[in-house]
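Remarks on the structure that follows.
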Amino acid sequence: MRQAKDAVLRGLLWASALVSIGVLLLIVGFIFYKGIGYISFDFIFGDYSPTGGGGILPMIVTTIYTIIISLVIATPLGILAAVYLQEYAKQGRLVNIIRFATESLTGIPSIIYGLFGAVFFVATLKLGMSILAASLTLTIIVLPVIIRTTEEALKTVPQSYREGSLALGTTKLQTLYKVILPSAMPGILSGIILSIGRIVGESAAIFLTAGTVAAMPDSIFSSARTLTVHSYLVTQESGDIGLAAAVGIVLIVLIFFINMTATFISKKLNKADF
């Protein structure tokens, strides 16, 4: 009876995995089928023209700007917050409330964050429709993800690592940055990778804070559009799903490249002698 239950459970797990992979391949295959014909050197590296189509280089640059600025702000804040909650804060009702609030923030629709960013960063702080305003809004969106994944990564570090380090005479701070954080780094990087995917995939929040200017940004205070916003607007303006699919291909390749780079850095950090 137990073997039959194990076989059924194993079959369900395999079926779920195959369905998930199948749906993913179907979506990616459809995007490549519709958009591969639009991919060219001029499409990727050319400037956009509303009348003659053109390339998406300004949108690629804007997307990279938002990723870098958002992560530069959110990563240290998220890691430090997680370290405090896990390693320093006294576990109790207050910490549990903070964790619950953090988890609740991940479920808020991005349009709400966009409205907040438009009111606070764009209007109140007078940053205007800009890459900086969008990046600050995205920072708030990804901060809960980084905090929770970093906390979970810190929990996976065996307590014996901490006890052994402290027994050798090191301080708690030295144990933190020489033992605990290096051991948790793969999990922390996984959270950063998830955050990159969230940043790249956002459109509503960016639409309300960065604007829709399809030109090469002069600075982080310039109004611009990212690849996801461009994909939406191109489809709305021309009705050509192929152009949107071509932008999707560029997004897939960009995310793949970033993920591979993060994985490479993670492996190097694991081999490094901290």
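Identifiers for the structure tokens are assigned positionally: chains receive A, B, ... in sequence, residues are indexed from 1 per chain, and ligands are indexed from 1 in the order shown.
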
Item to complete: Assign secondary structure with DSSP using the backbone only, and return the residues of region 29-265 of chain A in alpha helix (DSSP H) as an MDAnalysis selection string.
Response: chainID A and resid 29:35 41:45 57:83 93:105 110:117 131:155 159:167 172:175 181:201 204:209 227:238 241:265

Discussion item. With only C-alpha atoms as the counted atoms, please give the residues lying no more than 7 Å from region 225-240 of chain A, apart from itself and same-chain residues fewer than 5 positions off, as a ChimeraX atom specification.
Written reply: /A:59-60,62-63,201-203,207,210-214,247

Discussion item. I'd like the contact shell of region 179-185 of chain A - 8 Å cut-off, only C-alpha atoms, skipping same-chain residues fewer than 2 positions apart - returned as a ChimeraX atom specification.
Written reply: /A:150,153-154,156-157,161-162,165,174-177,187-189,266,269-270,274

Output file for the selection above: N, CA and C atoms, as a compact mmCIF listing (two decimals), in the first residue's frame:
```
# COMPACT_ATOMS: atom_id res chain seq x y z
N THR A 150 17.05 36.39 1.73
CA THR A 150 18.28 36.48 2.53
C THR A 150 18.08 35.85 3.90
N ALA A 153 18.20 32.18 3.49
CA ALA A 153 19.58 31.76 3.24
C ALA A 153 20.39 31.74 4.53
N LEU A 154 20.17 32.72 5.38
CA LEU A 154 20.87 32.76 6.67
C LEU A 154 20.45 31.61 7.57
N THR A 156 19.78 28.65 6.65
CA THR A 156 20.40 27.40 6.20
C THR A 156 21.84 27.23 6.68
N VAL A 157 22.44 28.31 7.18
CA VAL A 157 23.81 28.20 7.70
C VAL A 157 23.77 27.46 9.03
N TYR A 161 28.56 26.50 12.66
CA TYR A 161 29.47 27.46 12.04
C TYR A 161 29.64 28.68 12.95
N ARG A 162 28.52 29.17 13.46
CA ARG A 162 28.57 30.33 14.34
C ARG A 162 29.30 30.00 15.64
N SER A 165 33.09 29.52 15.09
CA SER A 165 33.79 30.79 14.84
C SER A 165 33.93 31.59 16.13
N GLN A 174 32.69 39.78 13.02
CA GLN A 174 33.64 39.04 12.18
C GLN A 174 33.04 37.71 11.73
N THR A 175 32.32 37.05 12.63
CA THR A 175 31.65 35.80 12.26
C THR A 175 30.62 36.03 11.18
N LEU A 176 29.97 37.17 11.26
CA LEU A 176 28.93 37.49 10.28
C LEU A 176 29.50 37.63 8.88
N TYR A 177 30.53 38.47 8.71
CA TYR A 177 30.98 38.74 7.35
C TYR A 177 32.07 37.80 6.86
N GLY A 187 22.25 31.58 -1.66
CA GLY A 187 20.84 31.89 -1.45
C GLY A 187 20.55 33.37 -1.63
N ILE A 188 21.48 34.22 -1.18
CA ILE A 188 21.30 35.66 -1.34
C ILE A 188 21.29 36.03 -2.82
N LEU A 189 22.19 35.43 -3.58
CA LEU A 189 22.25 35.70 -5.02
C LEU A 189 20.98 35.20 -5.72
N SER A 266 28.37 33.38 -8.21
CA SER A 266 28.08 32.55 -7.04
C SER A 266 29.08 31.40 -6.91
N LEU A 269 32.39 32.78 -5.72
CA LEU A 269 32.34 33.11 -4.31
C LEU A 269 32.42 31.87 -3.44
N ASN A 270 31.80 30.78 -3.90
CA ASN A 270 31.85 29.53 -3.14
C ASN A 270 33.26 28.97 -3.07
N PHE A 274 37.34 32.87 2.07
CA PHE A 274 36.91 34.05 2.82
C PHE A 274 37.67 34.07 4.15
```

Discussion item. Can you measure CA of Arg93 (chain A) to CA of Arg148 (chain A) for me? One decimal in Å is fine.
Written reply: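 These atoms are spaced 17.3 Å apart.
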
Discussion item. Can you tell me which residues surround Ile31 (chain A) at a distance of at most 9 Å, considering only C-alpha atoms, apart from same-chain residues fewer than 2 positions away, and format the answer as a ChimeraX atom specification?
Written reply: /A:26-29,33-36,242,244-246,248-249

Worksheet item: Nearest to Pro109 (chain A): which of A:Leu57, A:Ile192, A:Val122, A:Ile141 is it, counting only C-alpha atoms?
Response: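 Looking only at the distances to Pro109 (chain A), the closest residue turns out to be A:Ile141.
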
Fill in: Among the residues A:Ile220, A:Gln3, A:Ile140, A:Gly191, the one that comes closest to Ile108 (chain A) [using only C-alpha atoms]
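Ranked by minimum distance to Ile108 (chain A), first place goes to A:Ile140.
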
Discussion item. Would you pick out the contacts of Leu71 (chain A) at 12 Å or less, using only C-alpha atoms, so that residues sharing its chain but fewer than 5 positions from it are not included, and give the list as a list of chain:residue names?
Written reply: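 Close residues of Leu71 (chain A): A:Ile64, A:Tyr65, A:Thr66, A:Pro76, A:Leu77, A:Gly78, A:Ile79, A:Ser135, A:Leu136, A:Thr137, A:Leu138, A:Thr139, A:Ile140, A:Ile141, A:Val142, A:Leu143, A:Val145, A:Ile146, A:Leu189, A:Gly191, A:Ile192, A:Ile193, A:Leu194, A:Ser195, A:Ile196, A:Gly197, A:Arg198, A:Ile199, A:Val200.
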
Write the selection just made, keeping N, CA and C atoms, as a PDB file, in the first residue's frame?
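Writing the result to out-v7.pdb gives the following:
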```
ATOM      1  N   ILE A  64      18.506  48.433 -18.414  1.00  0.00           N
ATOM      2  CA  ILE A  64      19.745  48.161 -17.667  1.00  0.00           C
ATOM      3  C   ILE A  64      19.937  49.205 -16.566  1.00  0.00           C
ATOM      4  N   TYR A  65      19.636  50.457 -16.869  1.00  0.00           N
ATOM      5  CA  TYR A  65      19.725  51.509 -15.846  1.00  0.00           C
ATOM      6  C   TYR A  65      18.837  51.188 -14.651  1.00  0.00           C
ATOM      7  N   THR A  66      17.590  50.817 -14.921  1.00  0.00           N
ATOM      8  CA  THR A  66      16.656  50.543 -13.821  1.00  0.00           C
ATOM      9  C   THR A  66      17.099  49.334 -12.997  1.00  0.00           C
ATOM     10  N   PRO A  76      21.839  46.222  -0.589  1.00  0.00           N
ATOM     11  CA  PRO A  76      22.392  46.418   0.768  1.00  0.00           C
ATOM     12  C   PRO A  76      21.314  46.626   1.825  1.00  0.00           C
ATOM     13  N   LEU A  77      20.254  47.364   1.478  1.00  0.00           N
ATOM     14  CA  LEU A  77      19.174  47.567   2.449  1.00  0.00           C
ATOM     15  C   LEU A  77      18.512  46.242   2.818  1.00  0.00           C
ATOM     16  N   GLY A  78      18.225  45.423   1.809  1.00  0.00           N
ATOM     17  CA  GLY A  78      17.567  44.145   2.063  1.00  0.00           C
ATOM     18  C   GLY A  78      18.433  43.183   2.856  1.00  0.00           C
ATOM     19  N   ILE A  79      19.701  43.110   2.509  1.00  0.00           N
ATOM     20  CA  ILE A  79      20.608  42.193   3.222  1.00  0.00           C
ATOM     21  C   ILE A  79      20.796  42.638   4.665  1.00  0.00           C
ATOM     22  N   SER A 135      13.209  53.702 -10.643  1.00  0.00           N
ATOM     23  CA  SER A 135      14.121  52.803  -9.933  1.00  0.00           C
ATOM     24  C   SER A 135      13.830  52.787  -8.434  1.00  0.00           C
ATOM     25  N   LEU A 136      13.517  53.949  -7.865  1.00  0.00           N
ATOM     26  CA  LEU A 136      13.173  54.000  -6.445  1.00  0.00           C
ATOM     27  C   LEU A 136      11.874  53.239  -6.170  1.00  0.00           C
ATOM     28  N   THR A 137      10.935  53.348  -7.092  1.00  0.00           N
ATOM     29  CA  THR A 137       9.688  52.586  -6.952  1.00  0.00           C
ATOM     30  C   THR A 137       9.956  51.095  -7.043  1.00  0.00           C
ATOM     31  N   LEU A 138      10.797  50.693  -7.981  1.00  0.00           N
ATOM     32  CA  LEU A 138      11.146  49.281  -8.125  1.00  0.00           C
ATOM     33  C   LEU A 138      11.925  48.776  -6.916  1.00  0.00           C
ATOM     34  N   THR A 139      12.693  49.651  -6.291  1.00  0.00           N
ATOM     35  CA  THR A 139      13.416  49.269  -5.074  1.00  0.00           C
ATOM     36  C   THR A 139      12.443  48.819  -3.992  1.00  0.00           C
ATOM     37  N   ILE A 140      11.363  49.563  -3.827  1.00  0.00           N
ATOM     38  CA  ILE A 140      10.352  49.198  -2.830  1.00  0.00           C
ATOM     39  C   ILE A 140       9.702  47.868  -3.200  1.00  0.00           C
ATOM     40  N   ILE A 141       9.524  47.614  -4.491  1.00  0.00           N
ATOM     41  CA  ILE A 141       8.874  46.384  -4.934  1.00  0.00           C
ATOM     42  C   ILE A 141       9.732  45.157  -4.637  1.00  0.00           C
ATOM     43  N   VAL A 142      11.039  45.255  -4.896  1.00  0.00           N
ATOM     44  CA  VAL A 142      11.908  44.075  -4.761  1.00  0.00           C
ATOM     45  C   VAL A 142      12.503  43.933  -3.371  1.00  0.00           C
ATOM     46  N   LEU A 143      12.409  44.969  -2.551  1.00  0.00           N
ATOM     47  CA  LEU A 143      13.004  44.901  -1.214  1.00  0.00           C
ATOM     48  C   LEU A 143      12.467  43.738  -0.380  1.00  0.00           C
ATOM     49  N   VAL A 145      11.400  40.881  -1.389  1.00  0.00           N
ATOM     50  CA  VAL A 145      11.936  39.638  -1.956  1.00  0.00           C
ATOM     51  C   VAL A 145      13.352  39.391  -1.458  1.00  0.00           C
ATOM     52  N   ILE A 146      14.183  40.428  -1.481  1.00  0.00           N
ATOM     53  CA  ILE A 146      15.565  40.289  -1.037  1.00  0.00           C
ATOM     54  C   ILE A 146      15.630  39.992   0.459  1.00  0.00           C
ATOM     55  N   LEU A 189      22.194  35.433  -3.585  1.00  0.00           N
ATOM     56  CA  LEU A 189      22.247  35.696  -5.022  1.00  0.00           C
ATOM     57  C   LEU A 189      20.981  35.204  -5.721  1.00  0.00           C
ATOM     58  N   GLY A 191      18.023  35.325  -4.452  1.00  0.00           N
ATOM     59  CA  GLY A 191      17.053  36.389  -4.228  1.00  0.00           C
ATOM     60  C   GLY A 191      17.288  37.582  -5.129  1.00  0.00           C
ATOM     61  N   ILE A 192      18.550  37.896  -5.370  1.00  0.00           N
ATOM     62  CA  ILE A 192      18.873  39.011  -6.265  1.00  0.00           C
ATOM     63  C   ILE A 192      18.441  38.687  -7.691  1.00  0.00           C
ATOM     64  N   ILE A 193      18.652  37.429  -8.100  1.00  0.00           N
ATOM     65  CA  ILE A 193      18.230  37.011  -9.450  1.00  0.00           C
ATOM     66  C   ILE A 193      16.710  37.117  -9.593  1.00  0.00           C
ATOM     67  N   LEU A 194      15.985  36.679  -8.554  1.00  0.00           N
ATOM     68  CA  LEU A 194      14.519  36.821  -8.582  1.00  0.00           C
ATOM     69  C   LEU A 194      14.118  38.284  -8.671  1.00  0.00           C
ATOM     70  N   SER A 195      14.859  39.133  -7.978  1.00  0.00           N
ATOM     71  CA  SER A 195      14.571  40.562  -8.010  1.00  0.00           C
ATOM     72  C   SER A 195      14.802  41.137  -9.402  1.00  0.00           C
ATOM     73  N   ILE A 196      15.851  40.680 -10.071  1.00  0.00           N
ATOM     74  CA  ILE A 196      16.126  41.150 -11.432  1.00  0.00           C
ATOM     75  C   ILE A 196      14.959  40.789 -12.352  1.00  0.00           C
ATOM     76  N   GLY A 197      14.469  39.558 -12.219  1.00  0.00           N
ATOM     77  CA  GLY A 197      13.317  39.156 -13.017  1.00  0.00           C
ATOM     78  C   GLY A 197      12.098  40.009 -12.746  1.00  0.00           C
ATOM     79  N   ARG A 198      11.899  40.373 -11.482  1.00  0.00           N
ATOM     80  CA  ARG A 198      10.753  41.234 -11.128  1.00  0.00           C
ATOM     81  C   ARG A 198      10.927  42.629 -11.715  1.00  0.00           C
ATOM     82  N   ILE A 199      12.144  43.158 -11.659  1.00  0.00           N
ATOM     83  CA  ILE A 199      12.406  44.488 -12.203  1.00  0.00           C
ATOM     84  C   ILE A 199      12.177  44.509 -13.708  1.00  0.00           C
ATOM     85  N   VAL A 200      12.739  43.522 -14.394  1.00  0.00           N
ATOM     86  CA  VAL A 200      12.627  43.476 -15.853  1.00  0.00           C
ATOM     87  C   VAL A 200      11.168  43.300 -16.279  1.00  0.00           C
TER      88      VAL A 200
END
```

Discussion item. Show me, as a list in words, the residues that have an atom within 12 Å of Val95 (chain A) when counting only C-alpha atoms, minus same-chain residues fewer than 6 positions from it.
Written reply: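 Counting only the stated atoms, we get Ala81, Ala82, Tyr84, Leu85, Gln86, Glu87, Tyr88, Ala89, Ala101 and Thr102 of chain A.
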
Discussion item. I need the residues of region 22-105 of chain A that end up classed as strand (DSSP E or B) by DSSP on the backbone, written out as a list of chain:residue names.
Written reply: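 Here is the list: A:Tyr48, A:Ser49, A:Gly53, A:Gly54.
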